[in-house]
Every structure is written in structure tokens, then in C-alpha cells.
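Visitor: Could you have a look at this structure, given as C-alpha cells, before my questions?
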Number of protein chains: 2
Amino acid sequence: MKSIASRQNPWFKRVHDAVREHAEEIVIEGPKAVGDAIAAGWTPIAVIRAQGAEGGGKEIVFSDELFRAVSDTRTSQGVLALFRRPQNADVFAKNGIVVALDGVQDPGNVGTIVRLAAAFDAAGVVLLPGCADAYSPKAIRASAGAILSVPIAAVSHLDAPGRPLFYADSHGETIAPPKNAVLVLGSEGSGVSEEIRRHGRAIGIATSGRVESLNVAAAAAILLWQAFR
Amino acid sequence: MKSIASRQNPWFKRVHDAVREHAEEIVIEGPKAVGDAIAAGWTPIAVIRAQGAEGGGKEIVFSDELFRAVSDTRTSQGVLALFRRPQNADVFAKNGIVVALDGVQDPGNVGTIVRLAAAFDAAGVVLLPGCADAYSPKAIRASAGAILSVPIAAVSHLDAPGRPLFYADSHGETIAPPKNAVLVLGSEGSGVSEEIRRHGRAIGIATSGRVESLNVAAAAAILLWQAFR
């Protein structure tokens with residue numbers, strides 16, 4: 001057990017970088033989420049506990065101040081772990097709808113959509129440019145553990161041979177997307193890119209017309225559920 | 001035009017209280033949202049601008065530091081207004097499903113569900129104890145303007161004579177809620193209260209089983225859309 005109270009300590013810096021940058025390494029918070037990650041075959045680089053949190057002998061202990069600087073109190077419950085960031089997965093390999101996000105900037109929405117992808121057996125989630133990272137602490141939290149089981153890939157360009165391309169649009173046809181589709185969801189402000197509009201088919205959700213649009217995760221919920229059931 | 005740079009100024013204190021407490025007065029951010037509120041018949045107590053933001057002659061101008069202390073930069077775009085908090089509405093008076101929230105603590109979820117209530121023509125939203133306030137700045141933001149048109153009531157006890165009572169539960173029947181129902185959505189951790197379980201009928205959403213539950217706003221999206229279409 002190592003006890004760390006200095007911001008200059010290399011372990012603190014490494015965890016802090018993973019929280020902010022989530023480039024090569026990422027952080028998972030909370031005893032259950034860390035346990036689920038290990039059960040799913042992920043190997044922790046380090047398990048970190050807040051001072052006073054119960055634990056085995058091998059963890060690194062951060063002072064309360066350091067621990068607070070890198071974690072969300074409610075989610076972490078005094079425990080977090082550092083992992084290697086998963087590599088881009090082949091999201092097109094599995095059966096099921098592929099969800100592609102285009103310019104979805106809010107990490108809570110990205111994480112909620114990862115959770116929906118698991119709930120409704122999507123093949124995976126593709127992140128096009130302008131999206132929040134699915135491995136930020138906030139997105140991981142919103143995924144409620146689904147980050148461990150949903151294939152995710154960040155790509156610069158959408159290429160999905162053999163799958164029909166659909167995109168969500170408030171003026172689209174109100175049909176259910178087929179199970180082998182790629183379904184693109186854009187930002188609430190500007191929708192999907194011109195290129196996707198040219199090649200895809202617009203799919204909509206009937207509403208009262210009293211709102212201009214739905215929240216992107218709410219739209220994903222309704223469309224993915226329709227494809228799944 | 002009054003220019004204000006002191007935290008001791010009564011206008012700053014009043015706006016700051018409205019942002020934090022949203023008890024008697026509330027804050028709406030952004031030129032479009034403020035304009036929509038005025039168009040909907042709400043009368044601003046005061047319109048506040050950040051120093052340098054364009055405006056007419058009647059507004060109060062806050063220094064950048066003060067303005068930042070009471071607003072979300074992206075949403076406000078340098079403009080906010082103080083309004084009287086709307087009184088509890090009669091959410092049972094209109095046709096359409098009534099959404100009741102039980103212990104939904106996240107203001108983003110509460111606001112997103114208000115937005116869904118508008119999108120799918122619900123009669124209104126009832127907030128049972130333990131819910132985030134629908135008039136906090138974060139909930140208002142998440143409602144995307146729907147806070148202006150959706151009847152909302154905070155109550156200590158759910159009493160809905162003449163309407164069938166349903167509650168969302170992952171083990172419930174996978175049926176669409178009827179349009180005259182009261183649909184109760186609970187917190188993701190603990191669900192709805194024992195009393196509602198005793199008197200209501202459980203309604204579920206078919207999923208893959210790969211997640212323990214759906215985000216409460218995602219569940220609301222699917223159930224309200226089913227009741228609406």
C-alpha cells in the first residue's frame with residue numbers, strides 16, 4: 001500500500017491525465033464498476049482508494065484532497081481504477097443496428113446512447129468527428145457499465161458497406177429502422193453532415209410539434225427500441 | 001440602464017438567489033428562451049445582460065464576473081431574465097397522459113422529461129418528493145423551452161381519481177400506457193415508492209437484458225412515445 005498526498009506524485013499525475021485526457025489510459029469509478037471491468041477481462045494498471053476507504057493491501061491510497069481532484073464523490077464511493085484505453089473495435093462485425101453519432105458533444109448523451117446500445121443489442125457505436133469521447137469519466141458514468149460490453153470506434157469517415165444508411169431527422173419518415181442499418185444521430189442544433197444526408201434515408205419520430213426537436217439520447221431510445229423489439 | 005459590478009448589489013443577490021434556490025423567483029437564460037417566455041405571456045421582473053452584450057436601454061448590466069457567477073455561458077449568450085416562479089398547475093385538467101416522477105434527483109433528467117411531455121402531448125408533469133426542481137437553471141435548460149408550456153406541479157402525495165395508475169418497472173408487462181393514465185417513473189436505483197407499487201400496474205420495456213435498467217429519461221421517451229402515437 002502506497003499513501004500519496006502530493007500533486008507532484010507520478011501516480012497522481014497519471015490518474016489526473018487519464019481523467020482529463022483519456023488518451024492512452026482511462027479511469028473507471030466505483031467498486032461495482034471496477035469489479036465489473038475486472039470480471040469482463042480488463043486488467044487494472046492500478047486501483048486507487050481514498051484515505052479511509054476499506055480495501056486490500058495492494059491499492060494505492062490518495063489523500064482525500066487528491067482523490068476528490070480526480071473523482072466524482074457519489075459514483076466513486078472512494079474507489080477508482082486506471083485501465084488501458086480499449087482500442088477501436090470492429091463495430092460492424094456483429095449483428096444488430098450500428099449507431100453512429102455525428103457531432104454529439106455532450107458526454108452524458110454519448111454515455112446514455114452507449115447504454116441504450118447495450119439495452120437494445122446494437123452491434124456497436126461509431127463516433128464521427130465532433131463527438132464527446134465515450135471514455136471520459138462523465139460518459140463512462142452515463143453508460144452505467146455498458147462501456148464494458150459495447151464495441152466503440154472513433155472514425156473520421158463513415159464507411160459501412162452492405163448496410164442501409166439511415167439518419168434521424170425531425171422531417172424524416174416515421175418508420176422503424178431495420179436491424180442491419182447504420183443509424184446516424186446528429187447534434188440537436190445542426191443535425192447530421194451534408195454527406196450523410198446525401199447518401200442516407202431520413203427517419204423521424206412523430207411528435208406533437210410543440211418542441212423543435214428531441215434530445216438526441218431520447219431520439220436514440222425510441223429508434224433503437226423500435227429496431228430491437 | 002444600470003451597470004452593476006458589486007456582489008453586494010441587491011439585484012445581483014436576487015438573481016443569485018433565484019439561480020440557487022428558485023423559490024419565489026426563477027431565471028431563464030438565453031435571448032431566444034427569454035423571448036419565448038415573454039411571448040408565452042410571462043412578464044420579466046428584470047432582464048440582465050453581460051457587459052458588452054447588445055441590448056435595448058432598459059436592461060440591467062452585470063459585469064462579466066457577476067454575469068458568469070449566475071449563468072451558463074453557452075446557454076445564456078449574455079442574456080438572462082428574472083421571472084416569478086409559476087404556481088403549481090392543475091396537471092390533471094388536460095387530456096393526455098400525466099407523468100409523475102418519484103425521487104428523480106437529476107435536474108437534467110427532470111428537464112428532459114418535461115421536454116418529452118411537450119413532444120408527446122402529455123397533460124403535465126407531477127413531481128413527487130425527492131425530485132429535482134423543474135425550475136432550476138439546469139432543468140430549465142434541459143427542457144429546451146418546454147418548461148413554458150407544460151403544466152407542472154410539485155406534490156407530497158399522488159392523488160389521481162379516475163385515471164389508471166401505471167409505474168415503470170423493468171419486470172413489468174411490455175404494453176403501451178393508455179393516454180389517460182398516470183405514469184410514474186422512479187429513481188434508477190430504488191424505483192417507485194411502495195405505495196405506488198401497491199396501487200399501480202407495472203409497465204416494462206423489453207430489452208436485451210444486458211443492462212440492469214434504462215436511464216429514466218430514456219424510459220420516459222419510449223413509454224410516452226408509445227402512449228402518444
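Labels for the C-alpha cells follow display order: chains A, B, ..., residues from 1 in each chain, ligands from 1.
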Can you build me a table of chain A residues sitting at most 8 Å from chain B, with the closest atom pair per residue and its distance in Å to one decimal, using only C-alpha atoms, sorted by chain and residue number, as CSV?
Guide:
```
residue,atom,partner,partner_atom,distance
A:Thr112,CA,B:Asn215,CA,7.1
A:Arg115,CA,B:Val211,CA,7.3
A:Leu116,CA,B:Leu214,CA,7.2
A:Ala118,CA,B:Arg210,CA,5.9
A:Ala119,CA,B:Thr207,CA,5.2
A:Phe120,CA,B:Ser208,CA,5.5
A:Asp121,CA,B:Ser208,CA,5.9
A:Ala144,CA,B:Val211,CA,8.0
A:Gly145,CA,B:Val211,CA,7.8
A:Ala146,CA,B:Val211,CA,6.9
A:Ala206,CA,B:Arg229,CA,7.0
A:Thr207,CA,B:Ala119,CA,5.2
A:Ser208,CA,B:Ala119,CA,5.2
A:Gly209,CA,B:Ala119,CA,6.4
A:Arg210,CA,B:Ala119,CA,5.7
A:Val211,CA,B:Ala119,CA,5.6
A:Leu214,CA,B:Leu116,CA,7.2
A:Asn215,CA,B:Thr112,CA,7.1
A:Ala217,CA,B:Ala218,CA,7.0
A:Ala218,CA,B:Ala218,CA,5.4
A:Ala219,CA,B:Ala221,CA,7.6
A:Ala221,CA,B:Ala218,CA,5.5
A:Ile222,CA,B:Ile222,CA,5.2
A:Trp225,CA,B:Ile222,CA,7.5
A:Phe228,CA,B:Thr207,CA,7.9
A:Arg229,CA,B:Ala206,CA,7.0
```
Visitor: For the residues in the current selection, export N, CA, C and O atoms as a compact mmCIF listing (two decimals), in the first residue's frame.
Guide:
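Listed below is the output, result.txt:
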```
# COMPACT_ATOMS: atom_id res chain seq x y z
N THR A 112 -25.14 7.81 -22.41
CA THR A 112 -26.52 7.29 -22.36
C THR A 112 -26.82 6.47 -23.61
O THR A 112 -27.49 5.43 -23.55
N ARG A 115 -25.28 3.09 -23.36
CA ARG A 115 -26.15 2.27 -22.50
C ARG A 115 -27.35 1.74 -23.30
O ARG A 115 -27.75 0.58 -23.16
N LEU A 116 -27.94 2.60 -24.14
CA LEU A 116 -29.07 2.17 -24.98
C LEU A 116 -28.63 1.13 -26.00
O LEU A 116 -29.38 0.21 -26.31
N ALA A 118 -26.41 -1.14 -25.57
CA ALA A 118 -26.39 -2.43 -24.86
C ALA A 118 -27.81 -2.92 -24.60
O ALA A 118 -28.12 -4.10 -24.80
N ALA A 119 -28.69 -2.01 -24.18
CA ALA A 119 -30.06 -2.40 -23.83
C ALA A 119 -30.80 -2.98 -25.03
O ALA A 119 -31.62 -3.89 -24.88
N PHE A 120 -30.50 -2.46 -26.22
CA PHE A 120 -31.25 -2.88 -27.39
C PHE A 120 -30.37 -3.61 -28.41
O PHE A 120 -30.65 -3.61 -29.60
N ASP A 121 -29.32 -4.25 -27.91
CA ASP A 121 -28.47 -5.16 -28.68
C ASP A 121 -27.96 -4.58 -30.00
O ASP A 121 -27.94 -5.27 -31.02
N ALA A 144 -23.39 3.58 -17.43
CA ALA A 144 -23.82 2.66 -16.37
C ALA A 144 -23.28 1.25 -16.59
O ALA A 144 -24.01 0.27 -16.47
N GLY A 145 -22.02 1.16 -16.96
CA GLY A 145 -21.38 -0.14 -17.13
C GLY A 145 -21.38 -0.66 -18.55
O GLY A 145 -20.62 -1.57 -18.89
N ALA A 146 -22.22 -0.09 -19.41
CA ALA A 146 -22.33 -0.60 -20.78
C ALA A 146 -21.05 -0.37 -21.58
O ALA A 146 -20.80 -1.06 -22.57
N ALA A 206 -42.68 10.70 -34.81
CA ALA A 206 -43.88 11.55 -34.74
C ALA A 206 -43.95 12.23 -33.38
O ALA A 206 -43.80 11.58 -32.35
N THR A 207 -44.14 13.55 -33.38
CA THR A 207 -44.33 14.29 -32.13
C THR A 207 -45.51 15.23 -32.28
O THR A 207 -46.07 15.38 -33.37
N SER A 208 -45.83 15.90 -31.19
CA SER A 208 -46.93 16.87 -31.18
C SER A 208 -46.59 18.13 -31.98
O SER A 208 -47.47 18.91 -32.30
N GLY A 209 -45.30 18.34 -32.25
CA GLY A 209 -44.88 19.57 -32.89
C GLY A 209 -44.67 20.72 -31.91
O GLY A 209 -44.29 21.82 -32.31
N ARG A 210 -44.88 20.48 -30.62
CA ARG A 210 -44.72 21.54 -29.62
C ARG A 210 -43.27 21.78 -29.25
O ARG A 210 -42.95 22.75 -28.57
N VAL A 211 -42.37 20.88 -29.65
CA VAL A 211 -40.94 21.13 -29.44
C VAL A 211 -40.25 21.05 -30.80
O VAL A 211 -40.72 20.38 -31.71
N LEU A 214 -36.16 16.55 -30.34
CA LEU A 214 -36.00 15.75 -29.12
C LEU A 214 -34.53 15.78 -28.72
O LEU A 214 -33.65 15.96 -29.55
N ASN A 215 -34.27 15.58 -27.46
CA ASN A 215 -32.91 15.33 -27.00
C ASN A 215 -32.36 14.12 -27.77
O ASN A 215 -33.10 13.16 -28.04
N ALA A 217 -30.43 11.66 -27.08
CA ALA A 217 -30.50 10.35 -26.42
C ALA A 217 -31.94 9.85 -26.34
O ALA A 217 -32.19 8.64 -26.42
N ALA A 218 -32.90 10.77 -26.22
CA ALA A 218 -34.31 10.38 -26.22
C ALA A 218 -34.69 9.84 -27.60
O ALA A 218 -35.39 8.82 -27.72
N ALA A 219 -34.23 10.51 -28.65
CA ALA A 219 -34.49 10.03 -30.01
C ALA A 219 -33.86 8.65 -30.22
O ALA A 219 -34.47 7.74 -30.80
N ALA A 221 -33.28 6.42 -27.95
CA ALA A 221 -34.04 5.44 -27.18
C ALA A 221 -35.21 4.91 -28.00
O ALA A 221 -35.42 3.70 -28.12
N ILE A 222 -35.97 5.84 -28.59
CA ILE A 222 -37.17 5.44 -29.33
C ILE A 222 -36.81 4.66 -30.59
O ILE A 222 -37.40 3.62 -30.89
N TRP A 225 -35.10 1.18 -29.71
CA TRP A 225 -36.12 0.26 -29.19
C TRP A 225 -36.97 -0.29 -30.32
O TRP A 225 -37.30 -1.49 -30.36
N PHE A 228 -35.13 -2.93 -32.13
CA PHE A 228 -34.87 -4.11 -31.31
C PHE A 228 -36.08 -5.03 -31.15
O PHE A 228 -35.99 -6.24 -31.26
N ARG A 229 -37.23 -4.43 -30.88
CA ARG A 229 -38.38 -5.25 -30.45
C ARG A 229 -38.91 -6.12 -31.58
O ARG A 229 -38.78 -5.84 -32.72
```
Visitor: Per DSSP on the backbone, what are the strand (DSSP E) residues of region 163-213 of chain B, as a ChimeraX atom specification?
Guide: /B:165-173,182-186,201-203
Visitor: Skip Lys2 (chain B) itself and residues of its chain fewer than 4 positions away, then list as a list of chain:residue names all residues within 12 Å of it, counting only C-alpha atoms.
Guide: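 So, after excluding close chain neighbours, the residues are B:Asn9, B:Trp11, B:Phe12, B:Ala46, B:Val47, B:Ile48, B:Arg49, B:Ala50, B:Gln51, B:Gly56, B:Gly57, B:Lys58, B:Glu59, B:Ile60, B:Val61, B:Phe62, B:Ser63.
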Visitor: Could you check the closest approach to Leu127 (chain B) for each of B:Arg14, B:Lys179, B:Arg141, B:His157 and tell me which residue wins, using only C-alpha atoms?
Guide: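 The shortest atom-to-atom distance to Leu127 (chain B) comes from B:His157.
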Visitor: Compare A:Val182, A:Ile196, A:Ile26, A:Val155 by their minimum atom-to-atom distance to Ala139 (chain A), counting only C-alpha atoms, and give me the closest one.
Guide: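 Of all the options, A:Ile26 lies closest to Ala139 (chain A).
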Visitor: For the interface of region 89-124 of chain B with region 165-176 of chain B (cut-off 12 Å, counting only C-alpha atoms), please tabulate each contacting residue of region 89-124 of chain B alongside its nearest pair of atoms and their separation in Å to one decimal, rows sorted by chain and increasing number, as JSON lines.
Guide:
```
{"residue": "B:Ile97", "atom": "CA", "partner": "B:Leu165", "partner_atom": "CA", "distance": 10.4}
{"residue": "B:Val98", "atom": "CA", "partner": "B:Leu165", "partner_atom": "CA", "distance": 9.7}
{"residue": "B:Val99", "atom": "CA", "partner": "B:Tyr167", "partner_atom": "CA", "distance": 9.7}
{"residue": "B:Ala100", "atom": "CA", "partner": "B:Tyr167", "partner_atom": "CA", "distance": 8.9}
{"residue": "B:Leu101", "atom": "CA", "partner": "B:Tyr167", "partner_atom": "CA", "distance": 9.7}
{"residue": "B:Asp102", "atom": "CA", "partner": "B:Tyr167", "partner_atom": "CA", "distance": 9.9}
```
Visitor: Can I get the selected residues back with N, CA and C atoms, as a PDB file, in the first residue's frame?
Guide:
```
ATOM      1  N   ILE B  97     -51.683  11.818 -21.157  1.00  0.00           N
ATOM      2  CA  ILE B  97     -51.070  11.086 -20.057  1.00  0.00           C
ATOM      3  C   ILE B  97     -50.432  12.065 -19.069  1.00  0.00           C
ATOM      4  N   VAL B  98     -50.498  11.732 -17.781  1.00  0.00           N
ATOM      5  CA  VAL B  98     -49.810  12.521 -16.754  1.00  0.00           C
ATOM      6  C   VAL B  98     -48.544  11.766 -16.359  1.00  0.00           C
ATOM      7  N   VAL B  99     -47.411  12.450 -16.401  1.00  0.00           N
ATOM      8  CA  VAL B  99     -46.145  11.829 -15.997  1.00  0.00           C
ATOM      9  C   VAL B  99     -45.876  12.226 -14.556  1.00  0.00           C
ATOM     10  N   ALA B 100     -45.678  11.259 -13.688  1.00  0.00           N
ATOM     11  CA  ALA B 100     -45.325  11.562 -12.302  1.00  0.00           C
ATOM     12  C   ALA B 100     -43.917  11.042 -12.039  1.00  0.00           C
ATOM     13  N   LEU B 101     -43.084  11.884 -11.449  1.00  0.00           N
ATOM     14  CA  LEU B 101     -41.705  11.479 -11.155  1.00  0.00           C
ATOM     15  C   LEU B 101     -41.564  11.295  -9.656  1.00  0.00           C
ATOM     16  N   ASP B 102     -40.929  10.195  -9.264  1.00  0.00           N
ATOM     17  CA  ASP B 102     -40.810   9.821  -7.853  1.00  0.00           C
ATOM     18  C   ASP B 102     -39.323   9.669  -7.528  1.00  0.00           C
TER      19      ASP B 102
END
```
Visitor: For Leu66 (chain A), which residue out of A:Lys94, A:Lys13, A:His22, A:Lys32 is the nearest one, using only C-alpha atoms?
Guide: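 Nearest candidate to Leu66 (chain A) out of A:Lys94, A:Lys13, A:His22, A:Lys32: A:Lys13.
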Visitor: Using DSSP on the backbone, list every residue of region 2-132 of chain B that comes out as alpha helix (DSSP H), and give them as a PyMOL selection string.
Guide: chain B and resi 10-21+31-39+64-69+73-76+107-119
Visitor: Given the selection you just returned, output its residues as a file containing N, CA and C atoms, formatted as a compact mmCIF listing (two decimals), in the first residue's frame.
Guide:
```
# COMPACT_ATOMS: atom_id res chain seq x y z
N PRO B 10 -28.21 44.57 -4.54
CA PRO B 10 -29.43 43.78 -4.33
C PRO B 10 -29.90 43.02 -5.58
N TRP B 11 -29.69 43.58 -6.78
CA TRP B 11 -30.10 42.85 -7.99
C TRP B 11 -29.26 41.60 -8.19
N PHE B 12 -27.95 41.74 -7.95
CA PHE B 12 -27.11 40.54 -8.08
C PHE B 12 -27.54 39.48 -7.08
N LYS B 13 -27.78 39.91 -5.83
CA LYS B 13 -28.18 38.94 -4.80
C LYS B 13 -29.49 38.24 -5.17
N ARG B 14 -30.39 39.03 -5.73
CA ARG B 14 -31.71 38.49 -6.07
C ARG B 14 -31.60 37.44 -7.20
N VAL B 15 -30.80 37.76 -8.22
CA VAL B 15 -30.62 36.81 -9.32
C VAL B 15 -29.88 35.57 -8.82
N HIS B 16 -28.87 35.79 -8.00
CA HIS B 16 -28.08 34.69 -7.45
C HIS B 16 -28.96 33.75 -6.63
N ASP B 17 -29.84 34.33 -5.82
CA ASP B 17 -30.80 33.51 -5.04
C ASP B 17 -31.72 32.72 -5.96
N ALA B 18 -32.18 33.38 -7.02
CA ALA B 18 -33.11 32.70 -7.94
C ALA B 18 -32.42 31.52 -8.62
N VAL B 19 -31.12 31.68 -8.93
CA VAL B 19 -30.37 30.60 -9.57
C VAL B 19 -30.19 29.44 -8.60
N ARG B 20 -29.89 29.78 -7.33
CA ARG B 20 -29.60 28.72 -6.37
C ARG B 20 -30.84 28.11 -5.76
N GLU B 21 -31.81 28.97 -5.41
CA GLU B 21 -32.96 28.50 -4.63
C GLU B 21 -34.20 28.28 -5.50
N PRO B 31 -31.20 34.61 -25.16
CA PRO B 31 -32.13 35.55 -25.80
C PRO B 31 -33.38 34.87 -26.36
N LYS B 32 -33.24 33.70 -26.96
CA LYS B 32 -34.42 33.04 -27.54
C LYS B 32 -35.37 32.56 -26.43
N ALA B 33 -34.82 31.93 -25.40
CA ALA B 33 -35.66 31.41 -24.32
C ALA B 33 -36.37 32.55 -23.60
N VAL B 34 -35.67 33.67 -23.37
CA VAL B 34 -36.29 34.82 -22.70
C VAL B 34 -37.39 35.39 -23.60
N GLY B 35 -37.10 35.50 -24.89
CA GLY B 35 -38.11 35.99 -25.84
C GLY B 35 -39.32 35.07 -25.90
N ASP B 36 -39.09 33.77 -25.90
CA ASP B 36 -40.20 32.82 -25.92
C ASP B 36 -41.05 32.94 -24.66
N ALA B 37 -40.38 33.16 -23.51
CA ALA B 37 -41.13 33.28 -22.25
C ALA B 37 -42.03 34.52 -22.29
N ILE B 38 -41.49 35.61 -22.81
CA ILE B 38 -42.28 36.84 -22.91
C ILE B 38 -43.43 36.63 -23.89
N ALA B 39 -43.13 35.95 -25.01
CA ALA B 39 -44.18 35.65 -26.00
C ALA B 39 -45.26 34.76 -25.40
N ASP B 64 -18.81 41.21 -16.25
CA ASP B 64 -18.57 39.84 -16.72
C ASP B 64 -18.46 38.86 -15.57
N GLU B 65 -17.77 39.29 -14.51
CA GLU B 65 -17.58 38.38 -13.38
C GLU B 65 -18.92 38.03 -12.73
N LEU B 66 -19.75 39.04 -12.51
CA LEU B 66 -21.05 38.78 -11.90
C LEU B 66 -21.92 37.93 -12.82
N PHE B 67 -21.88 38.25 -14.11
CA PHE B 67 -22.74 37.51 -15.04
C PHE B 67 -22.35 36.03 -15.08
N ARG B 68 -21.04 35.80 -15.10
CA ARG B 68 -20.57 34.40 -15.11
C ARG B 68 -21.00 33.66 -13.85
N ALA B 69 -21.10 34.39 -12.75
CA ALA B 69 -21.44 33.74 -11.47
C ALA B 69 -22.88 33.24 -11.43
N THR B 73 -22.49 29.99 -19.73
CA THR B 73 -22.03 30.82 -20.84
C THR B 73 -22.69 30.48 -22.16
N ARG B 74 -22.73 29.18 -22.49
CA ARG B 74 -23.22 28.80 -23.81
C ARG B 74 -24.71 29.06 -23.93
N THR B 75 -25.45 28.71 -22.90
CA THR B 75 -26.90 28.87 -22.98
C THR B 75 -27.30 30.34 -22.95
N SER B 76 -26.67 31.12 -22.06
CA SER B 76 -27.16 32.48 -21.83
C SER B 76 -26.85 33.42 -22.98
N PRO B 107 -31.50 17.01 -12.21
CA PRO B 107 -32.29 18.06 -12.87
C PRO B 107 -32.28 17.93 -14.39
N GLY B 108 -31.19 17.38 -14.95
CA GLY B 108 -31.16 17.16 -16.40
C GLY B 108 -32.22 16.17 -16.82
N ASN B 109 -32.39 15.10 -16.05
CA ASN B 109 -33.45 14.13 -16.36
C ASN B 109 -34.84 14.75 -16.22
N VAL B 110 -35.05 15.53 -15.16
CA VAL B 110 -36.36 16.17 -14.97
C VAL B 110 -36.67 17.08 -16.15
N GLY B 111 -35.70 17.90 -16.56
CA GLY B 111 -35.92 18.81 -17.68
C GLY B 111 -36.14 18.07 -18.99
N THR B 112 -35.38 17.00 -19.21
CA THR B 112 -35.55 16.20 -20.43
C THR B 112 -36.94 15.59 -20.48
N ILE B 113 -37.46 15.17 -19.33
CA ILE B 113 -38.80 14.57 -19.29
C ILE B 113 -39.87 15.64 -19.50
N VAL B 114 -39.66 16.86 -19.03
CA VAL B 114 -40.59 17.96 -19.34
C VAL B 114 -40.63 18.19 -20.86
N ARG B 115 -39.44 18.13 -21.48
CA ARG B 115 -39.38 18.28 -22.94
C ARG B 115 -40.13 17.15 -23.64
N LEU B 116 -40.00 15.93 -23.14
CA LEU B 116 -40.72 14.79 -23.72
C LEU B 116 -42.23 14.93 -23.51
N ALA B 117 -42.62 15.48 -22.36
CA ALA B 117 -44.05 15.69 -22.09
C ALA B 117 -44.65 16.62 -23.13
N ALA B 118 -43.91 17.65 -23.52
CA ALA B 118 -44.39 18.55 -24.58
C ALA B 118 -44.39 17.84 -25.93
N ALA B 119 -43.33 17.10 -26.21
CA ALA B 119 -43.20 16.44 -27.51
C ALA B 119 -44.33 15.43 -27.73
```
Visitor: Using Å and a single decimal, report how far CA of Ala134 (chain B) sits from CA of Val192 (chain B).
Guide: 18.7 Å
Visitor: Nearest to Trp42 (chain B): which of B:Val104, B:Ile28, B:Ala93, B:Leu158 is it, counting only C-alpha atoms?
Guide: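 Of all the options, B:Ile28 lies closest to Trp42 (chain B).
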Visitor: For the atom pair CA of Arg198 (chain A) and CA of Val91 (chain A), what is the interatomic distance in Å to one decimal place?
Guide: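 Answer for the CA of Arg198 (chain A) to CA of Val91 (chain A) separation: 22.7 Å.
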